[in-house]
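Enquirer: Just upload-v6.txt, nothing more (compact mmCIF, C-alpha atoms):
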# COMPACT_ATOMS: atom_id res chain seq x y z
CA MET A 1 0.00 0.00 0.00
CA LYS A 2 1.53 3.29 -1.12
CA ARG A 3 1.13 6.28 1.19
CA VAL A 4 0.97 9.63 -0.62
CA LEU A 5 0.81 13.13 0.86
CA PHE A 6 -0.01 16.14 -1.35
CA VAL A 7 1.02 19.56 -0.06
CA CYS A 8 0.01 23.07 -1.13
CA THR A 9 -0.45 26.35 0.77
CA GLY A 10 -3.87 26.38 2.40
CA ASN A 11 -5.01 22.80 1.71
CA THR A 12 -8.30 24.01 0.21
CA CYS A 13 -7.61 23.99 -3.54
CA ARG A 14 -4.75 22.18 -5.23
CA SER A 15 -3.77 19.52 -2.71
CA PRO A 16 -7.32 18.35 -1.94
CA MET A 17 -8.06 18.17 -5.68
CA ALA A 18 -4.87 16.14 -6.15
CA GLU A 19 -5.76 13.91 -3.20
CA ALA A 20 -9.21 13.15 -4.57
CA MET A 21 -7.96 12.70 -8.13
CA MET A 22 -5.18 10.27 -7.21
CA ARG A 23 -7.53 8.24 -5.05
CA LYS A 24 -9.97 7.94 -7.99
CA ILE A 25 -7.38 7.11 -10.66
CA ALA A 26 -5.52 4.65 -8.42
CA GLU A 27 -8.80 2.91 -7.64
CA ASP A 28 -9.66 2.69 -11.36
CA GLU A 29 -6.19 1.29 -12.14
CA LYS A 30 -6.24 -1.02 -9.11
CA ILE A 31 -3.15 0.55 -7.55
CA PRO A 32 -3.37 0.23 -3.74
CA VAL A 33 -2.78 3.68 -2.30
CA GLU A 34 -3.68 5.71 0.76
CA VAL A 35 -3.78 9.45 0.09
CA ARG A 36 -3.84 12.50 2.32
CA SER A 37 -3.23 16.22 1.81
CA ALA A 38 -2.08 19.16 3.92
CA GLY A 39 -1.00 22.79 3.69
CA VAL A 40 2.12 24.66 4.77
CA ALA A 41 -0.11 27.55 5.93
CA ALA A 42 -3.48 25.90 6.41
CA MET A 43 -6.34 27.10 8.59
CA VAL A 44 -7.19 23.79 10.19
CA GLY A 45 -10.71 22.53 9.60
CA SER A 46 -11.60 24.55 6.49
CA SER A 47 -13.56 22.86 3.73
CA ALA A 48 -12.29 22.69 0.16
CA SER A 49 -13.17 25.71 -1.95
CA PRO A 50 -16.60 25.57 -3.66
CA GLN A 51 -14.91 25.73 -7.07
CA ALA A 52 -12.67 22.76 -6.22
CA ILE A 53 -15.66 20.74 -5.06
CA SER A 54 -17.59 21.67 -8.20
CA VAL A 55 -14.91 20.72 -10.75
CA LEU A 56 -14.25 17.45 -8.91
CA LYS A 57 -17.95 16.61 -9.17
CA GLU A 58 -17.70 17.15 -12.92
CA LYS A 59 -15.22 14.25 -12.87
CA GLY A 60 -17.62 12.13 -10.84
CA ILE A 61 -15.67 12.66 -7.61
CA ASP A 62 -17.45 13.57 -4.37
CA HIS A 63 -14.71 14.64 -1.97
CA GLN A 64 -15.40 15.43 1.69
CA HIS A 65 -12.53 17.51 2.99
CA ARG A 66 -11.23 19.39 6.03
CA SER A 67 -7.90 21.18 5.79
CA GLN A 68 -4.92 20.31 7.97
CA SER A 69 -1.39 21.58 8.45
CA THR A 70 1.74 19.72 7.49
CA THR A 71 3.20 18.07 10.58
CA GLU A 72 6.17 15.87 11.32
CA GLU A 73 3.75 13.02 11.99
CA LEU A 74 2.16 13.36 8.54
CA LEU A 75 5.53 13.60 6.80
CA GLN A 76 6.73 10.54 8.70
CA TRP A 77 3.61 8.65 7.63
CA ALA A 78 4.02 9.41 3.92
CA GLU A 79 6.06 7.28 1.55
CA TRP A 80 5.79 9.94 -1.17
CA ILE A 81 5.39 13.68 -0.57
CA PHE A 82 4.28 15.63 -3.64
CA THR A 83 4.23 19.42 -3.37
CA MET A 84 2.40 21.72 -5.75
CA THR A 85 5.35 24.10 -6.16
CA THR A 86 9.09 24.24 -5.73
CA SER A 87 8.70 26.82 -2.96
CA HIS A 88 6.48 24.43 -0.96
CA LYS A 89 9.15 21.77 -1.31
CA GLN A 90 11.95 24.13 -0.27
CA MET A 91 9.96 25.24 2.76
CA LEU A 92 9.38 21.66 3.90
CA ILE A 93 13.00 20.68 3.33
CA GLN A 94 14.20 23.59 5.46
CA GLN A 95 11.79 22.68 8.26
CA TYR A 96 12.08 18.88 7.98
CA PRO A 97 15.40 18.00 6.29
CA GLN A 98 15.15 14.43 7.55
CA PHE A 99 12.36 13.79 5.01
CA ALA A 100 13.99 15.53 2.02
CA GLU A 101 14.65 12.30 0.11
CA LYS A 102 10.95 11.57 -0.31
CA MET A 103 9.86 15.10 -1.26
CA TYR A 104 9.19 16.02 -4.89
CA THR A 105 7.08 18.54 -6.73
CA LEU A 106 4.22 16.76 -8.48
CA LYS A 107 5.54 17.73 -11.91
CA GLU A 108 9.10 16.78 -11.03
CA TYR A 109 8.21 13.21 -10.16
CA ALA A 110 5.85 12.82 -13.13
CA SER A 111 8.39 14.18 -15.63
CA PRO A 112 9.97 11.87 -18.24
CA HIS A 113 13.25 13.52 -17.20
CA PHE A 114 12.71 12.49 -13.60
CA SER A 115 16.06 10.71 -13.08
CA GLU A 116 18.07 13.70 -14.28
CA LEU A 117 15.81 16.14 -12.47
CA GLN A 118 16.13 14.10 -9.29
CA LYS A 119 19.92 14.43 -9.35
CA LEU A 120 19.69 18.17 -10.02
CA HIS A 121 17.16 18.71 -7.25
CA GLN A 122 19.22 16.70 -4.81
CA GLN A 123 22.09 19.09 -5.55
CA LEU A 124 19.72 22.04 -5.17
CA ASP A 125 18.30 20.74 -1.90
CA SER A 126 21.80 20.29 -0.48
CA LEU A 127 22.66 23.80 -1.62
CA TYR A 128 19.63 25.27 0.14
CA LEU A 129 20.56 23.50 3.36
CA GLU A 130 24.13 24.80 3.05
CA MET A 131 22.85 28.34 2.40
CA GLU A 132 20.58 28.26 5.44
CA SER A 133 23.32 26.84 7.65
CA ARG A 134 25.75 29.48 6.46
CA ARG A 135 23.20 32.26 6.96
CA VAL A 136 22.54 31.20 10.56
CA GLU A 137 26.28 30.99 11.19
CA LEU A 138 26.89 34.48 9.79
CA VAL A 139 24.03 36.02 11.75
CA SER A 140 25.45 34.49 14.93
CA GLN A 141 28.95 35.76 14.17
CA HIS A 142 27.86 39.32 13.43
CA GLN A 143 25.19 40.01 16.02
CA GLU A 144 26.72 43.39 16.80
CA LYS A 145 26.34 44.62 13.22
CA SER A 146 23.51 46.85 12.05
CA GLU A 147 20.84 45.36 9.81
CA GLU A 148 22.30 47.15 6.80
CA GLU A 149 25.83 45.90 7.54
CA LEU A 150 24.58 42.37 8.10
CA ASP A 151 22.72 42.40 4.78
CA LYS A 152 25.94 43.37 2.98
CA ILE A 153 27.87 40.59 4.71
CA LEU A 154 25.22 38.01 3.86
CA TYR A 155 25.12 39.15 0.24
CA THR A 156 28.90 38.92 -0.12
CA GLU A 157 29.30 35.59 1.66
CA LEU A 158 26.30 33.88 0.06
CA ASP A 159 26.86 35.20 -3.47
CA PRO A 160 28.86 32.14 -4.68
CA LEU A 161 26.08 29.84 -3.45
CA LEU A 162 23.44 32.01 -5.10
CA LYS A 163 25.32 31.72 -8.39
CA GLN A 164 25.34 27.93 -8.02
CA GLU A 165 21.59 28.06 -7.38
CA LYS A 166 21.04 30.07 -10.56
CA GLU A 167 23.05 27.57 -12.64
CA LEU A 168 21.11 24.61 -11.26
CA LEU A 169 17.75 26.33 -11.77
CA ASN A 170 18.66 27.20 -15.36
CA HIS A 171 19.56 23.57 -16.01
CA ILE A 172 16.29 22.42 -14.50
CA MET A 173 14.30 24.93 -16.54
CA GLY A 174 16.01 23.58 -19.65
CA LEU A 175 14.37 20.23 -18.98
CA THR A 176 10.93 21.52 -18.07
CA GLN A 177 9.09 24.81 -18.48
CA SER A 178 7.82 24.89 -14.91
CA LEU A 179 7.63 22.53 -11.97
CA ASP A 180 4.78 24.45 -10.34
CA ILE A 181 1.03 23.91 -10.36
CA GLN A 182 -0.31 27.47 -10.35
CA ASP A 183 -2.61 28.47 -7.49
CA PRO A 184 -6.26 28.89 -8.60
CA PHE A 185 -7.28 30.49 -5.28
CA GLY A 186 -9.76 33.31 -5.84
CA GLY A 187 -10.15 32.40 -9.51
CA THR A 188 -13.14 31.41 -11.57
CA GLU A 189 -14.45 27.88 -11.88
CA GLU A 190 -12.79 27.72 -15.30
CA ILE A 191 -9.41 28.43 -13.71
CA TYR A 192 -10.02 25.65 -11.19
CA ARG A 193 -11.07 23.32 -14.00
CA SER A 194 -7.83 24.04 -15.87
CA CYS A 195 -5.83 23.48 -12.68
CA LEU A 196 -7.52 20.14 -12.07
CA GLU A 197 -6.83 19.05 -15.66
CA GLU A 198 -3.15 19.85 -15.14
CA ILE A 199 -3.08 17.93 -11.86
CA GLU A 200 -4.88 14.96 -13.43
CA LYS A 201 -2.37 14.80 -16.29
CA GLU A 202 0.57 14.60 -13.89
CA ILE A 203 -1.11 12.05 -11.64
CA ARG A 204 -1.91 9.80 -14.60
CA GLN A 205 1.77 9.89 -15.52
CA ILE A 206 2.70 8.82 -12.00
CA ILE A 207 0.14 6.01 -11.91
CA LYS A 208 1.40 4.83 -15.30
CA LYS A 209 4.97 4.85 -14.00
CA TRP A 210 3.99 2.84 -10.95
CA SER A 211 1.97 0.37 -13.03
CA GLU A 212 4.86 -0.23 -15.41
CA SER A 213 7.64 -0.42 -12.83
CA LYS A 214 5.70 -1.93 -9.90
CA GLU A 215 7.61 0.67 -7.84
Represent the structure of the file as structure tokens.

Expert:
Amino acid sequence: MKRVLFVCTGNTCRSPMAEAMMRKIAEDEKIPVEVRSAGVAAMVGSSASPQAISVLKEKGIDHQHRSQSTTEELLQWAEWIFTMTTSHKQMLIQQYPQFAEKMYTLKEYASPHFSELQKLHQQLDSLYLEMESRRVELVSQHQEKSEEELDKILYTELDPLLKQEKELLNHIMGLTQSLDIQDPFGGTEEIYRSCLEEIEKEIRQIIKKWSESKE
């Protein structure tokens, strides 16, 4: 039984739609999977947005949902953690580096270039951890400095790492246009419908990959 956690911002739009869609497709394809979703900035207990519920119903999916926050317990539970954007993934990695190896953006994992992207993102993830560690170290070393002076020190010291980040991101963008599922929050039902279609496409690629590889 696979255990999948989808993560977005508020856990009312993208991640609940992805949760419901994967559960439906996996059931149709007879892939045993348990699916949950959460948000990095969720208001616990909120229902899915009316537009999300509506476009899911158009697909024959009736999804009862209450939002929840990402927690260490949830991340520990999951075998696969699929975020809606790169920024969600980066945020989780910074907060929970012990789970970094099972975190991917949805599009990253579904991509036909996954193996190469995985290597690049592992390098990027390590770089982000190094940048954060170095930032904390510098702030500790220069506590007596003014905010303006500290900003200059951080810029100078972190500049080589930022250049490495840019090179890696450019390489990644050369393999895929975007690794993000755009947020439909506040948009029309048509925008939600388009978002769900994009999510469904990526999930079908993942289910196909699992069916073929028995991963």

Enquirer: Given all atoms listed in the file as the basis, pick out the residue of A:Lys208, A:His142, A:Arg193, A:Lys2 nearest to Gln51 (chain A).

Expert: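 Using all atoms listed in the file, the shortest distance to Gln51 (chain A) belongs to A:Arg193.
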
Enquirer: Listed atoms of region 159-165 of chain A, axis-aligned box, 3 Å per side: centre and edge lengths to one decimal in Å, as JSON?

Expert:
{"center_x": 25.2, "center_y": 31.6, "center_z": -5.9, "size_x": 13.3, "size_y": 13.3, "size_z": 10.9}

Enquirer: What is the distance between CA of Glu72 (chain A) and CA of His88 (chain A), in Å to one decimal?

Expert: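 Between CA of Glu72 (chain A) and CA of His88 (chain A) the gap is 15.0 Å.
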
Enquirer: Tell me, counting only C-alpha atoms, for each residue of region 37-88 of chain A within 12 Å of region 108-118 of chain A, which pair of atoms is nearest and how far apart they are in Å to one decimal, in rows ordered by chain and increasing number, as a Markdown table.

Expert:
| residue | atom | partner | partner_atom | distance |
| --- | --- | --- | --- | --- |
| A:Trp80 | CA | A:Tyr109 | CA | 9.9 |
| A:Ile81 | CA | A:Tyr109 | CA | 10.0 |
| A:Phe82 | CA | A:Tyr109 | CA | 8.0 |
| A:Thr83 | CA | A:Glu108 | CA | 9.5 |
| A:Met84 | CA | A:Glu108 | CA | 9.9 |
| A:Thr85 | CA | A:Glu108 | CA | 9.6 |
| A:Thr86 | CA | A:Glu108 | CA | 9.2 |

Enquirer: Using only C-alpha atoms, what table do you get, as CSV, when you list each residue of region 93-142 of chain A with an atom no more than 12 Å from region 196-199 of chain A, its nearest pair of atoms, and their distance in Å rounded to one decimal, rows by chain then rising number?

Expert:
residue,atom,partner,partner_atom,distance
A:Thr105,CA,A:Ile199,CA,11.4
A:Leu106,CA,A:Ile199,CA,8.1
A:Lys107,CA,A:Ile199,CA,8.6
A:Ala110,CA,A:Ile199,CA,10.4

Enquirer: So that I can see what lies close to Ala100 (chain A), please list as a PyMOL selection string the residues with an atom at most 10 Å from it, counting only C-alpha atoms and leaving out residues fewer than 2 positions away in the same chain.

Expert: chain A and resi 75+81+89-90+92-98+102-104+122+125-126

Enquirer: Can I get the selected residues back with C-alpha atoms, as a PDB file, in the coordinates of the input?

Expert:
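Once written, result.pdb looks like this:
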ATOM      1  CA  LEU A  75       5.530  13.600   6.800  1.00  0.00           C
ATOM      2  CA  ILE A  81       5.390  13.680  -0.570  1.00  0.00           C
ATOM      3  CA  LYS A  89       9.150  21.770  -1.310  1.00  0.00           C
ATOM      4  CA  GLN A  90      11.950  24.130  -0.270  1.00  0.00           C
ATOM      5  CA  LEU A  92       9.380  21.660   3.900  1.00  0.00           C
ATOM      6  CA  ILE A  93      13.000  20.680   3.330  1.00  0.00           C
ATOM      7  CA  GLN A  94      14.200  23.590   5.460  1.00  0.00           C
ATOM      8  CA  GLN A  95      11.790  22.680   8.260  1.00  0.00           C
ATOM      9  CA  TYR A  96      12.080  18.880   7.980  1.00  0.00           C
ATOM     10  CA  PRO A  97      15.400  18.000   6.290  1.00  0.00           C
ATOM     11  CA  GLN A  98      15.150  14.430   7.550  1.00  0.00           C
ATOM     12  CA  LYS A 102      10.950  11.570  -0.310  1.00  0.00           C
ATOM     13  CA  MET A 103       9.860  15.100  -1.260  1.00  0.00           C
ATOM     14  CA  TYR A 104       9.190  16.020  -4.890  1.00  0.00           C
ATOM     15  CA  GLN A 122      19.220  16.700  -4.810  1.00  0.00           C
ATOM     16  CA  ASP A 125      18.300  20.740  -1.900  1.00  0.00           C
ATOM     17  CA  SER A 126      21.800  20.290  -0.480  1.00  0.00           C
TER      18      SER A 126
END

Enquirer: Any chance you could turn region 33-73 of chain A into a file with N, CA and C atoms, as an mmCIF file, in the first residue's frame?

Expert:
data_model
loop_
_atom_site.group_PDB
_atom_site.id
_atom_site.type_symbol
_atom_site.label_atom_id
_atom_site.label_comp_id
_atom_site.auth_asym_id
_atom_site.auth_seq_id
_atom_site.Cartn_x
_atom_site.Cartn_y
_atom_site.Cartn_z
ATOM 1 N N VAL A 33 -3.386 2.448 -2.773
ATOM 2 C CA VAL A 33 -2.777 3.678 -2.303
ATOM 3 C C VAL A 33 -3.644 4.328 -1.237
ATOM 4 N N GLU A 34 -2.996 4.899 -0.246
ATOM 5 C CA GLU A 34 -3.677 5.711 0.762
ATOM 6 C C GLU A 34 -3.197 7.138 0.557
ATOM 7 N N VAL A 35 -4.140 8.077 0.446
ATOM 8 C CA VAL A 35 -3.784 9.451 0.085
ATOM 9 C C VAL A 35 -4.292 10.441 1.126
ATOM 10 N N ARG A 36 -3.450 11.396 1.456
ATOM 11 C CA ARG A 36 -3.836 12.500 2.324
ATOM 12 C C ARG A 36 -3.305 13.800 1.722
ATOM 13 N N SER A 37 -3.745 14.924 2.269
ATOM 14 C CA SER A 37 -3.233 16.220 1.814
ATOM 15 C C SER A 37 -3.130 17.159 3.006
ATOM 16 N N ALA A 38 -2.298 18.195 2.843
ATOM 17 C CA ALA A 38 -2.081 19.160 3.919
ATOM 18 C C ALA A 38 -1.565 20.461 3.312
ATOM 19 N N GLY A 39 -1.480 21.495 4.157
ATOM 20 C CA GLY A 39 -1.001 22.789 3.688
ATOM 21 C C GLY A 39 0.087 23.341 4.582
ATOM 22 N N VAL A 40 1.031 24.069 3.984
ATOM 23 C CA VAL A 40 2.115 24.655 4.773
ATOM 24 C C VAL A 40 1.635 25.869 5.570
ATOM 25 N N ALA A 41 0.461 26.410 5.197
ATOM 26 C CA ALA A 41 -0.110 27.551 5.928
ATOM 27 C C ALA A 41 -1.624 27.399 6.014
ATOM 28 N N ALA A 42 -2.047 26.219 6.411
ATOM 29 C CA ALA A 42 -3.481 25.901 6.414
ATOM 30 C C ALA A 42 -4.187 26.413 7.662
ATOM 31 N N MET A 43 -5.440 26.840 7.464
ATOM 32 C CA MET A 43 -6.344 27.098 8.588
ATOM 33 C C MET A 43 -7.074 25.790 8.852
ATOM 34 N N VAL A 44 -6.708 25.149 9.929
ATOM 35 C CA VAL A 44 -7.185 23.793 10.195
ATOM 36 C C VAL A 44 -8.710 23.742 10.266
ATOM 37 N N GLY A 45 -9.278 22.758 9.546
ATOM 38 C CA GLY A 45 -10.713 22.530 9.596
ATOM 39 C C GLY A 45 -11.520 23.172 8.493
ATOM 40 N N SER A 46 -10.865 23.916 7.594
ATOM 41 C CA SER A 46 -11.597 24.552 6.490
ATOM 42 C C SER A 46 -12.003 23.509 5.452
ATOM 43 N N SER A 47 -13.128 23.748 4.797
ATOM 44 C CA SER A 47 -13.556 22.860 3.726
ATOM 45 C C SER A 47 -12.818 23.231 2.444
ATOM 46 N N ALA A 48 -12.861 22.355 1.461
ATOM 47 C CA ALA A 48 -12.286 22.689 0.159
ATOM 48 C C ALA A 48 -13.095 23.828 -0.451
ATOM 49 N N SER A 49 -12.475 24.588 -1.329
ATOM 50 C CA SER A 49 -13.172 25.713 -1.947
ATOM 51 C C SER A 49 -14.351 25.204 -2.774
ATOM 52 N N PRO A 50 -15.429 25.990 -2.871
ATOM 53 C CA PRO A 50 -16.599 25.571 -3.663
ATOM 54 C C PRO A 50 -16.238 25.234 -5.106
ATOM 55 N N GLN A 51 -15.313 26.001 -5.683
ATOM 56 C CA GLN A 51 -14.915 25.732 -7.070
ATOM 57 C C GLN A 51 -14.209 24.381 -7.192
ATOM 58 N N ALA A 52 -13.361 24.055 -6.209
ATOM 59 C CA ALA A 52 -12.670 22.765 -6.222
ATOM 60 C C ALA A 52 -13.674 21.617 -6.122
ATOM 61 N N ILE A 53 -14.631 21.766 -5.225
ATOM 62 C CA ILE A 53 -15.663 20.739 -5.063
ATOM 63 C C ILE A 53 -16.466 20.573 -6.351
ATOM 64 N N SER A 54 -16.785 21.691 -6.986
ATOM 65 C CA SER A 54 -17.590 21.669 -8.205
ATOM 66 C C SER A 54 -16.880 20.966 -9.357
ATOM 67 N N VAL A 55 -15.603 21.321 -9.597
ATOM 68 C CA VAL A 55 -14.909 20.718 -10.747
ATOM 69 C C VAL A 55 -14.590 19.247 -10.487
ATOM 70 N N LEU A 56 -14.419 18.862 -9.220
ATOM 71 C CA LEU A 56 -14.249 17.448 -8.907
ATOM 72 C C LEU A 56 -15.531 16.672 -9.207
ATOM 73 N N LYS A 57 -16.668 17.267 -8.889
ATOM 74 C CA LYS A 57 -17.948 16.606 -9.170
ATOM 75 C C LYS A 57 -18.147 16.394 -10.657
ATOM 76 N N GLU A 58 -17.617 17.319 -11.459
ATOM 77 C CA GLU A 58 -17.699 17.152 -12.920
ATOM 78 C C GLU A 58 -16.964 15.894 -13.372
ATOM 79 N N LYS A 59 -15.976 15.472 -12.581
ATOM 80 C CA LYS A 59 -15.219 14.251 -12.872
ATOM 81 C C LYS A 59 -15.827 13.028 -12.182
ATOM 82 N N GLY A 60 -16.975 13.226 -11.542
ATOM 83 C CA GLY A 60 -17.622 12.125 -10.843
ATOM 84 C C GLY A 60 -17.012 11.840 -9.485
ATOM 85 N N ILE A 61 -16.351 12.848 -8.895
ATOM 86 C CA ILE A 61 -15.669 12.663 -7.614
ATOM 87 C C ILE A 61 -16.348 13.508 -6.547
ATOM 88 N N ASP A 62 -16.845 12.880 -5.509
ATOM 89 C CA ASP A 62 -17.448 13.575 -4.374
ATOM 90 C C ASP A 62 -16.455 13.515 -3.218
ATOM 91 N N HIS A 63 -15.805 14.631 -2.948
ATOM 92 C CA HIS A 63 -14.712 14.642 -1.972
ATOM 93 C C HIS A 63 -15.087 15.446 -0.732
ATOM 94 N N GLN A 64 -15.152 14.777 0.408
ATOM 95 C CA GLN A 64 -15.402 15.434 1.690
ATOM 96 C C GLN A 64 -14.050 15.806 2.286
ATOM 97 N N HIS A 65 -13.867 17.069 2.630
ATOM 98 C CA HIS A 65 -12.528 17.515 2.995
ATOM 99 C C HIS A 65 -12.534 18.515 4.144
ATOM 100 N N ARG A 66 -11.533 18.397 5.007
ATOM 101 C CA ARG A 66 -11.230 19.386 6.025
ATOM 102 C C ARG A 66 -9.719 19.609 6.016
ATOM 103 N N SER A 67 -9.314 20.863 5.933
ATOM 104 C CA SER A 67 -7.896 21.184 5.791
ATOM 105 C C SER A 67 -7.114 20.847 7.056
ATOM 106 N N GLN A 68 -5.819 20.568 6.859
ATOM 107 C CA GLN A 68 -4.919 20.312 7.973
ATOM 108 C C GLN A 68 -3.534 20.835 7.623
ATOM 109 N N SER A 69 -2.747 21.084 8.646
ATOM 110 C CA SER A 69 -1.393 21.583 8.455
ATOM 111 C C SER A 69 -0.420 20.423 8.276
ATOM 112 N N THR A 70 0.671 20.707 7.587
ATOM 113 C CA THR A 70 1.738 19.715 7.494
ATOM 114 C C THR A 70 2.385 19.574 8.877
ATOM 115 N N THR A 71 2.591 18.348 9.285
ATOM 116 C CA THR A 71 3.205 18.067 10.584
ATOM 117 C C THR A 71 4.281 17.003 10.401
ATOM 118 N N GLU A 72 5.141 16.910 11.378
ATOM 119 C CA GLU A 72 6.174 15.870 11.325
ATOM 120 C C GLU A 72 5.538 14.484 11.269
ATOM 121 N N GLU A 73 4.439 14.314 11.982
ATOM 122 C CA GLU A 73 3.749 13.018 11.991
ATOM 123 C C GLU A 73 3.253 12.646 10.594
#
